[in-house]
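First up is the structure itself, then whatever we jot down about it.
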Amino acid sequence: MKTRVLVFPCGSEIGLEVFKSANFSSHFQLIGGSSTEDHGQFVYQDYIGDLPMVESPNFISELNDLVERRKVDLIIPAHDSVVLKVAQAATAGKLKCKAVTSPVETCEIARSKLKTYETLRNTVPVPKIYSRLHDINSNDLPLFLKPDVGQGTKGTFLAKTKEELRVYSERDPSLLWLEYLPGKEYTVDCFTDRHGNVRFGQGRERIRVMNGISVRTARTKDGRFGELASKINQRLRFRGVWFFQVKENTGGELVLMEVASRVAGAMGLVRCQGVNLVLLSLFDALGYDVDIFQNGYDLIMDRALENRYKSDLVYKHVYIDLDDLVVFENKVNPTAIAFVYQCLGMGIQTHLLTKHKEDLEATLKRYRLHGIFDEVIWVREGEKYLHIKEKDAIFIDDSFAERRAVRDKLGLPVFDSHMLECLMVGL
């Protein structure tokens with residue numbers, strides 16, 4: 001039986017990233033939930049669109065009804081307000097399934113920019129906060145105004161003069177007046193395991209941003225990201241996936257903008273480098289100790305309502321698994337077979353490398369796969385990596401153990417079905 005995972009709201013950028021991260025897992029079954037008609041309806045095969053809004057007084061009770069009716073085991077909250085609401089209900093013993101998120105104290109702090117800055121002021125650099133108009137001189141301007149509770153760029157303003165500051169503040173007196181940070185902006189994707197250890201912290205530049213969403217991003221190698229992640233993790237208790245955003249001030253110092261105890265919409269970048277933060281969080285929530293390794297190639301991810309990748313990876317041979325990869329749940333995986341045909345068109349040789357336990361010839365004929373691959377290798381005994389001879393090859397398999405063996409023994413790039421999108425060209 002697969003573990004049933006409810007994603008709510010499933011049509012958010014966060015919910016769509018969760019789908020891409022776990023849809024092809026043989027361990028988890030995704031159920032998409034929403035309060036409004038959204039893009040999740042076109043993505044999640046199992047979709048429920050009549051849940052109340054998170055602000056509704058009966059949100060938790062109706063959520064629990066769904067949990068019991070569909071036998072949901074885990075819920076991934078895919079919006080900041082839902083993260084807090086679900087964490088509060090779980091802590092109070094009012095949620096009838098396990099929430100995949102950090103402790104409620106961390107969620108409450110992360111939901112408020114002011115609480116975040118006050119809590120972490122002596123831990124990491126935070127923006128200077130202003131409160132009185134007559135204390136501000138021309139050297140302080142411009143100021144960045146943002147809501148205490150919010151996400152993206154909604155409700156934010158850049159006040160270049162005192163008059164603009166006065167107008168914006170009268171329009172919304174709750175806005176925080178913050179030091180303006182003019183430099184580059186980064187997101188640091190993180191994972192903290194169930195023992196409280198931060199196991200991953202990688203920064204990526206937010207190269208192009210639209211409506212608060214990073215639509216072009218690329219990894220940035222900077223030792224400061226890991227140091228900041230460790231310091232924040234020591235001050236706040238996290239569990240599973242989380243991230244924080246920083247921006248350079250006039251002196252090039254990285255200053256904290258926000259912390260969030262949830263999936264980031266652009267975490268597809270690290271997923272396609274081999275670090276699936278959603279699956280790591282799900283296994284961690286079930287009490288498993290997890291292992292993490294990462295492929296060495298770099299990616300640039302550009303989004304136009306879909307992920308696109310540009311890679312420096314070069315290969316002439318592909319070794320790909322059959323069960324739970326090319327064939328998934330008794331159907332051919334369209335993404336996997338599209339990739340195989342892409343390889344045929346590009347002159348890249350494909351090798352089916354399988355430990356299939358039934359009549360392999362009959363299976364290939366049944367799924368119309370006979371004659372598609374350049375070579376079929378049926379492994380009766382031993383390890384798969386022993387059958388890979390070329391150095392300009394990649395390996396695709398659903399088994400973590402098999403991928404780890406190929407990576408450790410041969411040093412080749414390895415992929416699972418959730419990473420195939422970064423290998424696709426023009427789709």
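Every chain in the structure tokens takes a letter, A first, then B, and so on in the order presented; its residues are numbered from 1, and the ligands are numbered from 1 following the presented order.
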Polymer residues at most 8 Å from A:Ser131, only C-alpha atoms, same-chain spacing of 2 or more positions, as a ChimeraX atom specification: /A:129,133,176-177
Mind writing the picked residues with N, CA and C atoms as a compact mmCIF listing (two decimals), in the first residue's frame?
# COMPACT_ATOMS: atom_id res chain seq x y z
N ILE A 129 15.22 48.30 10.82
CA ILE A 129 13.80 48.64 10.80
C ILE A 129 13.63 50.08 11.29
N LEU A 133 8.91 58.87 11.06
CA LEU A 133 9.24 59.62 9.86
C LEU A 133 10.32 60.67 10.13
N LEU A 176 5.87 47.34 7.33
CA LEU A 176 7.18 47.48 7.97
C LEU A 176 8.04 48.39 7.10
N TRP A 177 8.78 49.30 7.75
CA TRP A 177 9.72 50.18 7.04
C TRP A 177 11.11 49.57 7.19
Considering only C-alpha atoms, give me a table of residues in stretch 112-176 of chain A that are at most 9 Å from stretch 181-192 of chain A, with the closest atom pair and distance in Å for each, as JSON lines.
{"residue": "A:Pro127", "atom": "CA", "partner": "A:Leu181", "partner_atom": "CA", "distance": 8.1}
{"residue": "A:Leu143", "atom": "CA", "partner": "A:Leu181", "partner_atom": "CA", "distance": 8.8}
{"residue": "A:Phe144", "atom": "CA", "partner": "A:Leu181", "partner_atom": "CA", "distance": 8.1}
Output of the above residues as a CSV table (one decimal), in the first residue's frame, restricted to N, CA and C atoms:
chain,number,residue,atom,x,y,z
A,127,PRO,N,17.5,43.1,8.3
A,127,PRO,CA,17.4,44.5,7.8
A,127,PRO,C,17.2,45.5,9.0
A,143,LEU,N,13.5,53.4,1.2
A,143,LEU,CA,13.1,52.4,2.2
A,143,LEU,C,12.2,51.4,1.5
A,144,PHE,N,12.3,50.1,1.9
A,144,PHE,CA,11.5,49.1,1.3
A,144,PHE,C,10.3,48.8,2.3
Shortest interatomic distance to A:Phe339 - which of A:Glu258, A:Glu55, A:Glu421, A:Asp374, counting only C-alpha atoms: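 Once distances to A:Phe339 are computed over only C-alpha atoms, the minimum belongs to A:Glu421.
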Strand (DSSP E or B) per DSSP on the backbone: members of stretch 92-198 of chain A, as a list in words: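 Assigned to strand (DSSP E or B), within stretch 92-198 of chain A: Lys98, Ala99, Ile129, Tyr130, Leu143, Phe144, Leu145, Lys146, Phe157, Leu158, Ala159, Leu176, Trp177, Leu178, Glu179, Glu185, Tyr186, Thr187, Val188, Asp189, Cys190, Phe191, Thr192 and Val198 of chain A.
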Writer output for current selection, N, CA and C atoms, as a PDB file, in the first residue's frame:
ATOM      1  N   LYS A  98      -0.656  13.124   9.941  1.00  0.00           N
ATOM      2  CA  LYS A  98       0.607  13.775  10.272  1.00  0.00           C
ATOM      3  C   LYS A  98       0.882  14.918   9.294  1.00  0.00           C
ATOM      4  N   ALA A  99       1.322  16.041   9.812  1.00  0.00           N
ATOM      5  CA  ALA A  99       1.661  17.192   8.985  1.00  0.00           C
ATOM      6  C   ALA A  99       3.150  17.170   8.653  1.00  0.00           C
ATOM      7  N   ILE A 129      15.219  48.297  10.816  1.00  0.00           N
ATOM      8  CA  ILE A 129      13.800  48.641  10.801  1.00  0.00           C
ATOM      9  C   ILE A 129      13.634  50.081  11.286  1.00  0.00           C
ATOM     10  N   TYR A 130      12.846  50.861  10.552  1.00  0.00           N
ATOM     11  CA  TYR A 130      12.561  52.247  10.907  1.00  0.00           C
ATOM     12  C   TYR A 130      11.102  52.351  11.359  1.00  0.00           C
ATOM     13  N   LEU A 143      13.485  53.416   1.244  1.00  0.00           N
ATOM     14  CA  LEU A 143      13.117  52.354   2.178  1.00  0.00           C
ATOM     15  C   LEU A 143      12.204  51.356   1.469  1.00  0.00           C
ATOM     16  N   PHE A 144      12.312  50.123   1.894  1.00  0.00           N
ATOM     17  CA  PHE A 144      11.459  49.074   1.333  1.00  0.00           C
ATOM     18  C   PHE A 144      10.329  48.798   2.316  1.00  0.00           C
ATOM     19  N   LEU A 145       9.095  48.905   1.847  1.00  0.00           N
ATOM     20  CA  LEU A 145       7.917  48.717   2.699  1.00  0.00           C
ATOM     21  C   LEU A 145       7.258  47.390   2.351  1.00  0.00           C
ATOM     22  N   LYS A 146       6.999  46.575   3.358  1.00  0.00           N
ATOM     23  CA  LYS A 146       6.392  45.273   3.096  1.00  0.00           C
ATOM     24  C   LYS A 146       5.470  44.890   4.248  1.00  0.00           C
ATOM     25  N   PHE A 157       6.250  48.113  -1.416  1.00  0.00           N
ATOM     26  CA  PHE A 157       6.490  49.378  -2.093  1.00  0.00           C
ATOM     27  C   PHE A 157       7.939  49.804  -1.853  1.00  0.00           C
ATOM     28  N   LEU A 158       8.481  50.562  -2.783  1.00  0.00           N
ATOM     29  CA  LEU A 158       9.789  51.180  -2.608  1.00  0.00           C
ATOM     30  C   LEU A 158       9.563  52.677  -2.472  1.00  0.00           C
ATOM     31  N   ALA A 159       9.785  53.200  -1.270  1.00  0.00           N
ATOM     32  CA  ALA A 159       9.577  54.620  -0.996  1.00  0.00           C
ATOM     33  C   ALA A 159      10.895  55.363  -1.199  1.00  0.00           C
ATOM     34  N   LEU A 176       5.865  47.342   7.331  1.00  0.00           N
ATOM     35  CA  LEU A 176       7.180  47.482   7.968  1.00  0.00           C
ATOM     36  C   LEU A 176       8.042  48.394   7.101  1.00  0.00           C
ATOM     37  N   TRP A 177       8.785  49.305   7.752  1.00  0.00           N
ATOM     38  CA  TRP A 177       9.722  50.176   7.044  1.00  0.00           C
ATOM     39  C   TRP A 177      11.110  49.568   7.192  1.00  0.00           C
ATOM     40  N   LEU A 178      11.646  49.076   6.095  1.00  0.00           N
ATOM     41  CA  LEU A 178      12.890  48.327   6.166  1.00  0.00           C
ATOM     42  C   LEU A 178      13.990  48.972   5.328  1.00  0.00           C
ATOM     43  N   GLU A 179      15.204  48.745   5.784  1.00  0.00           N
ATOM     44  CA  GLU A 179      16.381  49.106   5.013  1.00  0.00           C
ATOM     45  C   GLU A 179      16.276  48.515   3.607  1.00  0.00           C
ATOM     46  N   GLU A 185      19.803  38.843  -5.014  1.00  0.00           N
ATOM     47  CA  GLU A 185      18.901  38.141  -4.103  1.00  0.00           C
ATOM     48  C   GLU A 185      19.062  36.638  -4.293  1.00  0.00           C
ATOM     49  N   TYR A 186      19.067  35.910  -3.176  1.00  0.00           N
ATOM     50  CA  TYR A 186      19.284  34.467  -3.217  1.00  0.00           C
ATOM     51  C   TYR A 186      18.244  33.738  -2.364  1.00  0.00           C
ATOM     52  N   THR A 187      17.893  32.540  -2.799  1.00  0.00           N
ATOM     53  CA  THR A 187      17.126  31.605  -1.979  1.00  0.00           C
ATOM     54  C   THR A 187      18.056  30.463  -1.598  1.00  0.00           C
ATOM     55  N   VAL A 188      17.986  30.025  -0.341  1.00  0.00           N
ATOM     56  CA  VAL A 188      18.789  28.899   0.119  1.00  0.00           C
ATOM     57  C   VAL A 188      17.828  27.770   0.487  1.00  0.00           C
ATOM     58  N   ASP A 189      17.846  26.713  -0.313  1.00  0.00           N
ATOM     59  CA  ASP A 189      16.979  25.555  -0.092  1.00  0.00           C
ATOM     60  C   ASP A 189      17.622  24.634   0.941  1.00  0.00           C
ATOM     61  N   CYS A 190      16.841  24.244   1.945  1.00  0.00           N
ATOM     62  CA  CYS A 190      17.401  23.522   3.088  1.00  0.00           C
ATOM     63  C   CYS A 190      16.592  22.279   3.440  1.00  0.00           C
ATOM     64  N   PHE A 191      17.238  21.377   4.151  1.00  0.00           N
ATOM     65  CA  PHE A 191      16.561  20.197   4.693  1.00  0.00           C
ATOM     66  C   PHE A 191      17.164  19.880   6.063  1.00  0.00           C
ATOM     67  N   THR A 192      16.290  19.747   7.050  1.00  0.00           N
ATOM     68  CA  THR A 192      16.699  19.356   8.403  1.00  0.00           C
ATOM     69  C   THR A 192      16.030  18.030   8.733  1.00  0.00           C
ATOM     70  N   VAL A 198      20.785  19.898  10.150  1.00  0.00           N
ATOM     71  CA  VAL A 198      20.582  20.467   8.813  1.00  0.00           C
ATOM     72  C   VAL A 198      21.507  19.715   7.863  1.00  0.00           C
TER      73      VAL A 198
END
Neighbours of A:Gly274 within 12 Å (only C-alpha atoms; same-chain residues fewer than 6 positions away dropped), as a PDB file with N, CA and C atoms, in the first residue's frame?
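Everything below was put into out.pdb:
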ATOM      1  N   SER A  21       7.749  16.395  -7.811  1.00  0.00           N
ATOM      2  CA  SER A  21       8.736  15.736  -6.955  1.00  0.00           C
ATOM      3  C   SER A  21       8.329  14.335  -6.530  1.00  0.00           C
ATOM      4  N   PHE A 200      21.224  19.744   4.363  1.00  0.00           N
ATOM      5  CA  PHE A 200      21.386  20.333   3.028  1.00  0.00           C
ATOM      6  C   PHE A 200      21.083  21.814   3.112  1.00  0.00           C
ATOM      7  N   MET A 267      12.193  24.833  -6.201  1.00  0.00           N
ATOM      8  CA  MET A 267      13.093  23.776  -5.725  1.00  0.00           C
ATOM      9  C   MET A 267      13.328  22.686  -6.775  1.00  0.00           C
ATOM     10  N   GLY A 268      12.657  22.814  -7.942  1.00  0.00           N
ATOM     11  CA  GLY A 268      12.924  21.891  -9.034  1.00  0.00           C
ATOM     12  C   GLY A 268      14.381  21.906  -9.453  1.00  0.00           C
ATOM     13  N   LEU A 280      12.534  13.482   0.472  1.00  0.00           N
ATOM     14  CA  LEU A 280      13.315  13.403   1.709  1.00  0.00           C
ATOM     15  C   LEU A 280      12.439  13.738   2.913  1.00  0.00           C
ATOM     16  N   ASP A 291      19.466   9.459   3.202  1.00  0.00           N
ATOM     17  CA  ASP A 291      20.799   9.745   2.682  1.00  0.00           C
ATOM     18  C   ASP A 291      20.663  10.755   1.555  1.00  0.00           C
ATOM     19  N   ILE A 292      21.658  11.602   1.395  1.00  0.00           N
ATOM     20  CA  ILE A 292      21.606  12.665   0.391  1.00  0.00           C
ATOM     21  C   ILE A 292      22.914  12.677  -0.389  1.00  0.00           C
ATOM     22  N   PHE A 293      22.809  12.684  -1.699  1.00  0.00           N
ATOM     23  CA  PHE A 293      23.967  12.988  -2.541  1.00  0.00           C
ATOM     24  C   PHE A 293      23.481  13.767  -3.748  1.00  0.00           C
ATOM     25  N   GLN A 294      24.410  14.413  -4.420  1.00  0.00           N
ATOM     26  CA  GLN A 294      24.042  15.351  -5.480  1.00  0.00           C
ATOM     27  C   GLN A 294      24.931  15.161  -6.689  1.00  0.00           C
ATOM     28  N   ASN A 295      24.333  15.215  -7.878  1.00  0.00           N
ATOM     29  CA  ASN A 295      25.129  15.184  -9.100  1.00  0.00           C
ATOM     30  C   ASN A 295      25.921  16.478  -9.242  1.00  0.00           C
ATOM     31  N   GLY A 296      27.038  16.392  -9.980  1.00  0.00           N
ATOM     32  CA  GLY A 296      27.962  17.514 -10.020  1.00  0.00           C
ATOM     33  C   GLY A 296      27.704  18.553 -11.097  1.00  0.00           C
ATOM     34  N   TYR A 297      26.820  18.265 -12.033  1.00  0.00           N
ATOM     35  CA  TYR A 297      26.600  19.227 -13.115  1.00  0.00           C
ATOM     36  C   TYR A 297      25.772  20.413 -12.628  1.00  0.00           C
ATOM     37  N   ASP A 298      25.884  21.526 -13.336  1.00  0.00           N
ATOM     38  CA  ASP A 298      25.116  22.729 -13.004  1.00  0.00           C
ATOM     39  C   ASP A 298      23.934  22.888 -13.956  1.00  0.00           C
ATOM     40  N   LEU A 299      22.890  23.500 -13.455  1.00  0.00           N
ATOM     41  CA  LEU A 299      21.688  23.767 -14.231  1.00  0.00           C
ATOM     42  C   LEU A 299      21.305  25.229 -14.090  1.00  0.00           C
ATOM     43  N   ILE A 396      19.619   5.608 -15.243  1.00  0.00           N
ATOM     44  CA  ILE A 396      18.284   6.013 -14.792  1.00  0.00           C
ATOM     45  C   ILE A 396      17.604   4.810 -14.158  1.00  0.00           C
ATOM     46  N   PHE A 400      17.052   3.737  -5.232  1.00  0.00           N
ATOM     47  CA  PHE A 400      18.117   4.574  -4.668  1.00  0.00           C
ATOM     48  C   PHE A 400      19.404   3.764  -4.514  1.00  0.00           C
ATOM     49  N   ARG A 403      21.114   3.416  -7.840  1.00  0.00           N
ATOM     50  CA  ARG A 403      21.706   4.694  -8.242  1.00  0.00           C
ATOM     51  C   ARG A 403      22.949   4.998  -7.424  1.00  0.00           C
ATOM     52  N   ARG A 404      22.877   4.735  -6.146  1.00  0.00           N
ATOM     53  CA  ARG A 404      24.026   5.003  -5.276  1.00  0.00           C
ATOM     54  C   ARG A 404      25.228   4.155  -5.677  1.00  0.00           C
ATOM     55  N   ARG A 407      26.721   5.549  -8.868  1.00  0.00           N
ATOM     56  CA  ARG A 407      27.391   6.817  -8.568  1.00  0.00           C
ATOM     57  C   ARG A 407      28.718   6.563  -7.848  1.00  0.00           C
ATOM     58  N   PRO A 413      26.660  10.258 -13.686  1.00  0.00           N
ATOM     59  CA  PRO A 413      25.420  10.933 -13.272  1.00  0.00           C
ATOM     60  C   PRO A 413      24.272   9.929 -13.216  1.00  0.00           C
ATOM     61  N   VAL A 414      23.438  10.038 -12.204  1.00  0.00           N
ATOM     62  CA  VAL A 414      22.327   9.104 -12.022  1.00  0.00           C
ATOM     63  C   VAL A 414      21.030   9.894 -11.848  1.00  0.00           C
ATOM     64  N   PHE A 415      19.926   9.267 -12.278  1.00  0.00           N
ATOM     65  CA  PHE A 415      18.633   9.938 -12.287  1.00  0.00           C
ATOM     66  C   PHE A 415      17.549   8.958 -11.878  1.00  0.00           C
ATOM     67  N   ASP A 416      16.463   9.507 -11.320  1.00  0.00           N
ATOM     68  CA  ASP A 416      15.251   8.720 -11.188  1.00  0.00           C
ATOM     69  C   ASP A 416      14.188   9.375 -12.066  1.00  0.00           C
ATOM     70  N   SER A 417      12.976   8.818 -12.048  1.00  0.00           N
ATOM     71  CA  SER A 417      11.940   9.301 -12.957  1.00  0.00           C
ATOM     72  C   SER A 417      11.561  10.756 -12.695  1.00  0.00           C
ATOM     73  N   HIS A 418      11.748  11.231 -11.459  1.00  0.00           N
ATOM     74  CA  HIS A 418      11.389  12.606 -11.126  1.00  0.00           C
ATOM     75  C   HIS A 418      12.400  13.618 -11.652  1.00  0.00           C
ATOM     76  N   MET A 419      13.516  13.128 -12.178  1.00  0.00           N
ATOM     77  CA  MET A 419      14.554  14.013 -12.704  1.00  0.00           C
ATOM     78  C   MET A 419      14.577  14.042 -14.229  1.00  0.00           C
ATOM     79  N   LEU A 420      13.730  13.244 -14.868  1.00  0.00           N
ATOM     80  CA  LEU A 420      13.777  13.127 -16.319  1.00  0.00           C
ATOM     81  C   LEU A 420      13.548  14.454 -17.036  1.00  0.00           C
ATOM     82  N   CYS A 422      14.702  17.302 -16.663  1.00  0.00           N
ATOM     83  CA  CYS A 422      15.894  18.099 -16.955  1.00  0.00           C
ATOM     84  C   CYS A 422      16.697  17.515 -18.097  1.00  0.00           C
TER      85      CYS A 422
END
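Closest approach to A:Leu269 among A:Ser56, A:Gln202, A:Asn197, A:Asn139: A:Gln202, based on only C-alpha atoms.
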List the spatial neighbours of A:Phe8 as an mmCIF file with C-alpha atoms, in the first residue's frame - criterion: any atom at most 7 Å away, only C-alpha atoms, same-chain residues fewer than 5 positions off excluded.
data_model
loop_
_atom_site.group_PDB
_atom_site.id
_atom_site.type_symbol
_atom_site.label_atom_id
_atom_site.label_comp_id
_atom_site.auth_asym_id
_atom_site.auth_seq_id
_atom_site.Cartn_x
_atom_site.Cartn_y
_atom_site.Cartn_z
ATOM 1 C CA GLY A 15 1.768 22.306 -4.787
ATOM 2 C CA GLY A 32 -4.619 17.208 -4.612
ATOM 3 C CA GLY A 33 -6.895 19.460 -2.596
ATOM 4 C CA SER A 34 -8.026 23.022 -3.239
ATOM 5 C CA ILE A 76 1.878 18.725 2.813
ATOM 6 C CA PRO A 77 0.690 22.322 3.313
ATOM 7 C CA ALA A 78 1.462 24.290 0.151
#
Every residue of stretch 49-193 of chain A that DSSP places in helix (DSSP H, G or I), as an MDAnalysis selection string: chainID A and resid 59:70 80:91 104:111 113:120 133:135 138:140 162:171
Residue with smallest distance to A:Leu313 - pool A:Ile394, A:Ile388, A:Thr363, A:Ala264, counting only C-alpha atoms: A:Ile394
Spatial neighbours of A:Gly223, 12 Å, only C-alpha atoms, chain gap at least 3 places, as a PyMOL selection string: chain A and resi 188+201-203+220+226-230+254
